[in-house]
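Data block for protein.csv (CSV, C-alpha atoms):
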```csv
chain,number,residue,atom,x,y,z
A,1,ASN,CA,-3.3,-20.0,49.4
A,2,ALA,CA,-1.1,-20.2,52.4
A,3,GLY,CA,-4.1,-20.7,54.8
A,4,VAL,CA,-3.3,-19.6,58.4
A,5,THR,CA,0.3,-18.6,59.0
A,6,GLN,CA,1.8,-18.3,62.5
A,7,THR,CA,5.2,-16.8,63.4
A,8,PRO,CA,7.4,-17.6,65.2
A,9,LYS,CA,7.2,-21.4,65.4
A,10,PHE,CA,9.4,-21.4,68.5
A,11,GLN,CA,10.2,-18.7,71.1
A,12,VAL,CA,11.9,-18.7,74.5
A,13,LEU,CA,11.2,-15.8,76.8
A,14,LYS,CA,12.3,-14.8,80.3
A,15,THR,CA,9.7,-14.0,82.9
A,16,GLY,CA,8.5,-10.4,82.5
A,17,GLN,CA,9.5,-10.0,78.8
A,18,SER,CA,6.9,-9.1,76.3
A,19,MET,CA,6.3,-10.5,72.8
A,20,THR,CA,3.8,-10.8,70.1
A,21,LEU,CA,2.7,-14.0,68.3
A,22,GLN,CA,1.7,-13.2,64.8
A,23,CYS,CA,-1.2,-14.8,62.9
A,24,ALA,CA,-2.2,-14.1,59.3
A,25,GLN,CA,-4.7,-15.6,57.0
A,26,ASP,CA,-5.2,-15.1,53.3
A,27,MET,CA,-8.7,-16.6,53.0
A,28,ASN,CA,-10.6,-13.4,53.8
A,29,HIS,CA,-12.1,-15.1,56.9
A,30,GLU,CA,-14.0,-12.8,59.2
A,31,TYR,CA,-13.6,-14.9,62.3
A,32,MET,CA,-10.2,-15.5,63.9
A,33,SER,CA,-9.2,-17.0,67.3
A,34,TRP,CA,-6.3,-18.0,69.5
A,35,TYR,CA,-6.2,-21.2,71.5
A,36,ARG,CA,-3.5,-22.5,73.8
A,37,GLN,CA,-2.8,-26.2,74.1
A,38,ASP,CA,-1.5,-27.7,77.3
A,39,PRO,CA,-0.8,-31.4,78.2
A,40,GLY,CA,-3.9,-33.0,79.6
A,41,MET,CA,-6.1,-30.0,79.0
A,42,GLY,CA,-6.7,-30.0,75.3
A,43,LEU,CA,-7.2,-26.6,73.6
A,44,ARG,CA,-8.6,-23.6,75.4
A,45,LEU,CA,-9.9,-20.5,73.7
A,46,ILE,CA,-8.0,-17.3,74.7
A,47,HIS,CA,-9.5,-14.6,72.5
A,48,TYR,CA,-11.5,-14.3,69.3
A,49,SER,CA,-12.5,-11.8,66.8
A,50,VAL,CA,-15.6,-11.7,64.5
A,51,GLY,CA,-14.2,-9.0,62.3
A,52,ALA,CA,-11.8,-6.1,62.0
A,53,GLY,CA,-12.1,-3.8,65.0
A,54,ILE,CA,-14.0,-6.4,67.1
A,55,THR,CA,-12.4,-8.7,69.7
A,56,ASP,CA,-13.7,-10.6,72.7
A,57,GLN,CA,-12.5,-12.9,75.5
A,58,GLY,CA,-12.5,-16.6,75.5
A,59,GLU,CA,-12.1,-19.1,78.3
A,60,VAL,CA,-8.6,-18.1,79.4
A,61,PRO,CA,-7.9,-14.4,78.4
A,62,ASN,CA,-5.8,-13.2,81.4
A,63,GLY,CA,-2.3,-12.1,80.5
A,64,TYR,CA,-3.0,-11.8,76.8
A,65,ASN,CA,-4.1,-8.9,74.6
A,66,VAL,CA,-5.3,-8.9,71.0
A,67,SER,CA,-6.3,-6.5,68.4
A,68,ARG,CA,-7.8,-6.8,64.9
A,69,SER,CA,-6.9,-3.8,62.7
A,70,THR,CA,-7.2,-5.8,59.5
A,71,THR,CA,-9.2,-8.8,58.3
A,72,GLU,CA,-6.0,-10.7,57.6
A,73,ASP,CA,-4.0,-10.3,60.9
A,74,PHE,CA,-4.8,-11.2,64.5
A,75,PRO,CA,-1.7,-10.8,66.7
A,76,LEU,CA,-1.6,-12.1,70.3
A,77,ARG,CA,0.4,-10.1,72.8
A,78,LEU,CA,2.0,-11.2,76.0
A,79,LEU,CA,2.7,-8.0,77.9
A,80,SER,CA,4.6,-9.6,80.8
A,81,ALA,CA,5.3,-13.3,80.2
A,82,ALA,CA,4.9,-15.8,83.1
A,83,PRO,CA,6.0,-19.4,83.3
A,84,SER,CA,2.3,-20.4,83.3
A,85,GLN,CA,2.1,-19.1,79.7
A,86,THR,CA,4.5,-21.8,78.5
A,87,SER,CA,2.3,-23.5,76.0
A,88,VAL,CA,1.7,-24.2,72.3
A,89,TYR,CA,-0.5,-21.5,70.8
A,90,PHE,CA,-2.7,-22.1,67.8
A,91,CYS,CA,-4.4,-19.5,65.6
A,92,ALA,CA,-7.6,-20.5,63.7
A,93,SER,CA,-9.9,-18.8,61.3
A,94,LEU,CA,-13.3,-19.4,59.9
A,95,ASP,CA,-15.5,-18.0,57.1
A,96,ARG,CA,-18.8,-17.4,59.0
A,97,LEU,CA,-20.6,-15.7,56.1
A,98,SER,CA,-20.4,-18.5,53.5
A,99,SER,CA,-23.4,-20.6,53.1
A,100,GLY,CA,-23.2,-24.2,54.3
A,101,ALA,CA,-21.2,-25.6,57.0
A,102,ASN,CA,-17.7,-24.2,57.6
A,103,VAL,CA,-15.0,-25.3,60.0
A,104,LEU,CA,-12.0,-23.8,61.8
A,105,THR,CA,-8.8,-23.8,59.9
A,106,PHE,CA,-5.8,-24.0,62.2
A,107,GLY,CA,-2.2,-22.7,61.8
A,108,ALA,CA,0.8,-25.0,62.5
A,109,GLY,CA,1.3,-23.6,66.0
A,110,SER,CA,3.8,-21.5,68.0
A,111,ARG,CA,5.6,-23.2,70.9
A,112,LEU,CA,6.4,-20.7,73.6
A,113,THR,CA,8.6,-21.4,76.6
A,114,VAL,CA,8.8,-18.9,79.5
A,115,LEU,CA,11.8,-19.3,81.8
B,1,ALA,CA,-21.4,-26.1,82.0
B,2,GLN,CA,-20.5,-27.4,78.6
B,3,SER,CA,-17.8,-30.0,78.6
B,4,VAL,CA,-16.2,-32.7,76.4
B,5,THR,CA,-14.8,-35.9,77.8
B,6,GLN,CA,-12.3,-38.1,76.1
B,7,PRO,CA,-11.9,-40.9,78.7
B,8,ASP,CA,-8.9,-42.6,77.1
B,9,ILE,CA,-5.7,-40.6,77.4
B,10,HIS,CA,-3.5,-43.1,75.5
B,11,ILE,CA,-4.5,-46.0,73.3
B,12,THR,CA,-2.2,-48.6,71.7
B,13,VAL,CA,-3.3,-50.8,68.8
B,14,SER,CA,-1.6,-53.1,66.4
B,15,GLU,CA,-1.5,-52.1,62.7
B,16,GLY,CA,-4.5,-53.6,61.0
B,17,ALA,CA,-6.6,-53.7,64.1
B,18,SER,CA,-9.9,-51.8,64.5
B,19,LEU,CA,-10.0,-48.6,66.5
B,20,GLU,CA,-12.7,-46.8,68.5
B,21,LEU,CA,-12.0,-43.5,70.3
B,22,ARG,CA,-14.6,-42.3,72.7
B,23,CYS,CA,-16.1,-38.9,73.1
B,24,ASN,CA,-18.9,-37.8,75.4
B,25,TYR,CA,-20.2,-34.3,75.8
B,26,SER,CA,-22.4,-32.4,78.1
B,27,TYR,CA,-24.3,-29.6,76.4
B,28,GLY,CA,-27.7,-27.9,76.6
B,29,ALA,CA,-28.7,-28.9,73.1
B,30,THR,CA,-27.4,-31.0,70.3
B,31,PRO,CA,-24.1,-29.2,69.4
B,32,TYR,CA,-22.0,-29.3,66.3
B,33,LEU,CA,-19.5,-32.1,66.7
B,34,PHE,CA,-16.0,-32.5,65.3
B,35,TRP,CA,-13.0,-34.7,65.4
B,36,TYR,CA,-9.6,-33.3,64.7
B,37,VAL,CA,-6.2,-35.0,64.4
B,38,GLN,CA,-2.8,-33.6,65.3
B,39,SER,CA,0.3,-35.2,64.1
B,40,PRO,CA,3.5,-34.6,66.0
B,41,GLY,CA,4.6,-31.0,65.7
B,42,GLN,CA,1.7,-30.1,63.4
B,43,GLY,CA,-1.5,-28.2,63.6
B,44,LEU,CA,-5.0,-29.6,63.8
B,45,GLN,CA,-6.6,-31.2,60.8
B,46,LEU,CA,-10.3,-31.8,60.6
B,47,LEU,CA,-11.2,-35.5,60.2
B,48,LEU,CA,-15.0,-35.2,60.2
B,49,LYS,CA,-17.9,-33.2,61.5
B,50,TYR,CA,-21.6,-33.7,62.4
B,51,PHE,CA,-24.1,-30.9,62.1
B,52,SER,CA,-27.4,-32.6,61.4
B,53,GLY,CA,-28.9,-35.5,59.4
B,54,ASP,CA,-27.4,-38.9,59.1
B,55,THR,CA,-25.9,-39.8,62.5
B,56,LEU,CA,-23.1,-41.8,60.9
B,57,VAL,CA,-20.6,-39.5,59.2
B,58,GLN,CA,-17.7,-40.3,57.0
B,59,GLY,CA,-14.4,-38.5,57.2
B,60,ILE,CA,-11.0,-38.4,55.6
B,61,LYS,CA,-8.4,-41.2,55.9
B,62,GLY,CA,-11.1,-43.9,56.3
B,63,PHE,CA,-12.4,-42.6,59.6
B,64,GLU,CA,-16.1,-42.5,60.6
B,65,ALA,CA,-18.0,-41.4,63.6
B,66,GLU,CA,-21.5,-42.0,65.0
B,67,PHE,CA,-23.6,-39.5,66.9
B,68,LYS,CA,-25.7,-41.1,69.5
B,69,ARG,CA,-28.0,-38.5,71.1
B,70,SER,CA,-29.3,-40.8,73.9
B,71,GLN,CA,-25.7,-41.4,75.0
B,72,SER,CA,-24.3,-37.9,74.3
B,73,SER,CA,-21.5,-39.5,72.4
B,74,PHE,CA,-19.6,-39.1,69.2
B,75,ASN,CA,-17.2,-41.9,69.0
B,76,LEU,CA,-14.6,-42.1,66.2
B,77,ARG,CA,-13.9,-45.4,64.5
B,78,LYS,CA,-11.7,-46.9,61.9
B,79,PRO,CA,-11.9,-50.6,60.8
B,80,SER,CA,-8.2,-51.1,60.1
B,81,VAL,CA,-5.5,-48.8,61.5
B,82,HIS,CA,-2.4,-47.8,59.6
B,83,TRP,CA,1.0,-46.9,61.2
B,84,SER,CA,0.5,-43.4,59.8
B,85,ASP,CA,-2.6,-42.9,62.0
B,86,ALA,CA,-0.4,-42.6,65.1
B,87,ALA,CA,-1.3,-39.1,66.3
B,88,GLU,CA,-3.3,-37.2,68.9
B,89,TYR,CA,-7.1,-37.0,68.3
B,90,PHE,CA,-9.3,-34.3,69.7
B,91,CYS,CA,-13.1,-34.3,69.9
B,92,ALA,CA,-14.7,-30.8,69.9
B,93,VAL,CA,-18.2,-29.4,70.3
B,94,GLY,CA,-19.9,-26.1,69.9
B,95,TYR,CA,-23.2,-24.3,69.4
B,96,ASN,CA,-21.7,-22.8,66.3
B,97,THR,CA,-18.7,-23.8,64.2
B,98,ASP,CA,-16.4,-21.2,65.7
B,99,LYS,CA,-16.0,-21.2,69.5
B,100,LEU,CA,-15.3,-24.8,70.1
B,101,ILE,CA,-14.8,-26.7,73.3
B,102,PHE,CA,-12.1,-29.3,73.0
B,103,GLY,CA,-11.6,-32.6,74.8
B,104,THR,CA,-8.3,-33.3,76.4
B,105,GLY,CA,-7.2,-35.6,73.6
B,106,THR,CA,-6.4,-39.2,73.0
B,107,ARG,CA,-2.9,-40.2,71.9
B,108,LEU,CA,-2.9,-43.2,69.5
B,109,GLN,CA,0.1,-45.4,69.3
B,110,VAL,CA,0.3,-48.0,66.5
B,111,PHE,CA,2.5,-51.0,66.7
B,112,PRO,CA,3.7,-52.8,63.5
```
As structure tokens, please, write out the structure in this file.
Amino acid sequence: NAGVTQTPKFQVLKTGQSMTLQCAQDMNHEYMSWYRQDPGMGLRLIHYSVGAGITDQGEVPNGYNVSRSTTEDFPLRLLSAAPSQTSVYFCASLDRLSSGANVLTFGAGSRLTVL
Amino acid sequence: AQSVTQPDIHITVSEGASLELRCNYSYGATPYLFWYVQSPGQGLQLLLKYFSGDTLVQGIKGFEAEFKRSQSSFNLRKPSVHWSDAAEYFCAVGYNTDKLIFGTGTRLQVFP
């Protein structure tokens, strides 16, 4: 199993450009989420999804769109990038239906710089 | 509002010394509690978790943490630090195991 795979690992954008950060998991997890990590602020939840066709906002959703057409994929879209979106982005997934305690599995991260 | 506080931004210890990283939370009820570690350029790896039961939990890499309800704390400890433990450590809490609130992290530096 590959776990949670994020692409690209690094990306540089100009202000106003759009792009999509890809996230895929091969563990058949229903729950997937996106966090951003900024110095001195820890990780903050952007959007999450509890299953295909269902998405919801987290703590810092502005400027980001998501969709969940399949169980495996949960892309994060920046429609018009801003320098404030310079950050490291982490995708995470979780199997909520399994019995017992389960925890988030994180991808390796995508570092985005907006000039 | 729910919050997680890691009061130490940066800690430096000598290899072989003991370590304690502090975590305090503000929550309406006893939450699920987690410690994650992030090595440079890597994702987050779970060290340990507390859901219920014994308040002293053991994790990977020789780490342990103790939940103290009266102090709303979940401090991470290791009796003898190794150079490979140098990383950033995050405490996280949640009502469930999914939508977690993370602390701001503590960066651990280990001197030989």
Taking all atoms listed in the file into account, what are the residues of chain B at most 7 Å from chain A, put as a PyMOL selection string? chain B and resi 42-44+97-98+102-105
Find the residues near B:Ala17: any atom within 9 Å, counting only C-alpha atoms, skip ones fewer than 5 places away on the same chain, and give them as JSON, numbers by chain. {"B": [78, 79, 80, 81, 82]}
Output file for the selection above: C-alpha atoms, as a JSON list (two decimals), in the coordinates of the input:
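See part-v8.json below for the written result:
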```json
[["chain", "number", "residue", "atom", "x", "y", "z"],
["B", 78, "LYS", "CA", -11.70, -46.90, 61.90],
["B", 79, "PRO", "CA", -11.90, -50.60, 60.80],
["B", 80, "SER", "CA", -8.20, -51.10, 60.10],
["B", 81, "VAL", "CA", -5.50, -48.80, 61.50],
["B", 82, "HIS", "CA", -2.40, -47.80, 59.60]]
```
Between atom CA of A:Phe10 and atom CA of A:Gln22, what is the distance, to one decimal in Å? 11.8 Å
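The two atoms in question, atom CA of B:Glu64 and atom CA of B:Ala92, are spaced 15.0 Å apart.
Straight-line separation from atom CA of A:Thr70 to atom CA of A:Glu30: 9.8 Å.
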Selection near B:Gly59, 12 Å with all atoms listed in the file, sequence-local residues under 3 positions removed, as a PyMOL selection string: chain B and resi 34-37+45-50+56+62-66+76-78
I'd like to know which of A:Ser49, A:Gln57, A:Asn28, A:Ala82 is closest to A:Ser69, using only C-alpha atoms. A:Ser49
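Between B:Gln109 and the residues B:Leu21, B:Ile9, B:Ala87, B:Leu33, the shortest atom-to-atom distance, using only C-alpha atoms, involves B:Ala87.
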Name all residues at most 10 Å from A:Thr113 (count only C-alpha atoms; drop same-chain ones fewer than 5 positions away) and give them as a PyMOL selection string. chain A and resi 10-15+81-88
At the level of C-alpha atoms, write stretch 41-115 of chain A to a file as an mmCIF file, in the first residue's frame, please.
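Once everything was written out, this is part.cif:
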```
data_model
loop_
_atom_site.group_PDB
_atom_site.id
_atom_site.type_symbol
_atom_site.label_atom_id
_atom_site.label_comp_id
_atom_site.auth_asym_id
_atom_site.auth_seq_id
_atom_site.Cartn_x
_atom_site.Cartn_y
_atom_site.Cartn_z
ATOM 1 C CA MET A 41 0.569 28.213 13.715
ATOM 2 C CA GLY A 42 0.676 24.443 13.588
ATOM 3 C CA LEU A 43 -1.721 22.707 11.224
ATOM 4 C CA ARG A 44 -5.103 24.173 10.381
ATOM 5 C CA LEU A 45 -7.959 22.308 8.733
ATOM 6 C CA ILE A 46 -8.989 23.669 5.318
ATOM 7 C CA HIS A 47 -11.637 21.259 4.029
ATOM 8 C CA TYR A 48 -12.685 17.722 4.718
ATOM 9 C CA SER A 49 -14.856 14.995 3.225
ATOM 10 C CA VAL A 50 -16.662 12.116 4.920
ATOM 11 C CA GLY A 51 -17.268 10.259 1.662
ATOM 12 C CA ALA A 52 -17.637 10.555 -2.077
ATOM 13 C CA GLY A 53 -19.857 13.479 -2.991
ATOM 14 C CA ILE A 54 -19.685 15.044 0.478
ATOM 15 C CA THR A 55 -17.380 17.904 1.448
ATOM 16 C CA ASP A 56 -17.379 20.492 4.198
ATOM 17 C CA GLN A 57 -15.372 23.467 5.367
ATOM 18 C CA GLY A 58 -12.780 23.451 8.067
ATOM 19 C CA GLU A 59 -11.189 26.305 9.963
ATOM 20 C CA VAL A 60 -9.585 28.155 7.018
ATOM 21 C CA PRO A 61 -11.541 27.366 3.806
ATOM 22 C CA ASN A 62 -11.404 30.737 2.042
ATOM 23 C CA GLY A 63 -9.590 30.675 -1.275
ATOM 24 C CA TYR A 64 -9.775 26.902 -1.637
ATOM 25 C CA ASN A 65 -12.192 24.542 -3.341
ATOM 26 C CA VAL A 66 -12.486 20.789 -3.031
ATOM 27 C CA SER A 67 -14.492 17.983 -4.569
ATOM 28 C CA ARG A 68 -14.749 14.265 -3.866
ATOM 29 C CA SER A 69 -15.887 12.365 -6.919
ATOM 30 C CA THR A 70 -14.269 9.092 -5.844
ATOM 31 C CA THR A 71 -13.293 7.514 -2.536
ATOM 32 C CA GLU A 72 -9.623 7.549 -3.522
ATOM 33 C CA ASP A 73 -9.097 11.174 -4.593
ATOM 34 C CA PHE A 74 -9.531 14.510 -2.848
ATOM 35 C CA PRO A 75 -7.995 17.376 -4.851
ATOM 36 C CA LEU A 76 -7.517 20.856 -3.423
ATOM 37 C CA ARG A 77 -7.962 23.730 -5.867
ATOM 38 C CA LEU A 78 -6.617 27.238 -5.626
ATOM 39 C CA LEU A 79 -8.601 29.307 -8.130
ATOM 40 C CA SER A 80 -6.578 32.526 -7.810
ATOM 41 C CA ALA A 81 -3.448 32.068 -5.746
ATOM 42 C CA ALA A 82 -2.397 34.729 -3.252
ATOM 43 C CA PRO A 83 0.896 35.133 -1.364
ATOM 44 C CA SER A 84 -1.008 34.347 1.856
ATOM 45 C CA GLN A 85 -1.494 30.836 0.520
ATOM 46 C CA THR A 86 2.229 30.158 0.614
ATOM 47 C CA SER A 87 2.349 27.181 2.925
ATOM 48 C CA VAL A 88 2.931 23.473 3.250
ATOM 49 C CA TYR A 89 -0.213 21.488 2.562
ATOM 50 C CA PHE A 90 -0.948 18.088 4.019
ATOM 51 C CA CYS A 91 -3.608 15.643 2.993
ATOM 52 C CA ALA A 92 -4.803 13.087 5.536
ATOM 53 C CA SER A 93 -7.245 10.195 5.532
ATOM 54 C CA LEU A 94 -8.989 8.034 8.094
ATOM 55 C CA ASP A 95 -11.060 4.871 8.171
ATOM 56 C CA ARG A 96 -14.059 5.944 10.265
ATOM 57 C CA LEU A 97 -16.039 2.766 9.800
ATOM 58 C CA SER A 98 -13.544 0.318 11.232
ATOM 59 C CA SER A 99 -14.133 -0.811 14.761
ATOM 60 C CA GLY A 100 -11.679 0.349 17.336
ATOM 61 C CA ALA A 101 -9.668 3.484 17.409
ATOM 62 C CA ASN A 102 -8.315 4.846 14.179
ATOM 63 C CA VAL A 103 -6.063 7.774 13.466
ATOM 64 C CA LEU A 104 -5.288 10.133 10.636
ATOM 65 C CA THR A 105 -2.711 9.002 8.106
ATOM 66 C CA PHE A 106 -0.838 11.937 6.554
ATOM 67 C CA GLY A 107 0.767 12.405 3.173
ATOM 68 C CA ALA A 108 4.313 13.740 2.815
ATOM 69 C CA GLY A 109 3.154 17.269 2.069
ATOM 70 C CA SER A 110 3.158 19.743 -0.809
ATOM 71 C CA ARG A 111 5.164 22.933 -0.444
ATOM 72 C CA LEU A 112 3.548 25.825 -2.297
ATOM 73 C CA THR A 113 5.108 29.234 -2.843
ATOM 74 C CA VAL A 114 3.054 32.087 -4.290
ATOM 75 C CA LEU A 115 5.068 35.024 -5.579
#
```
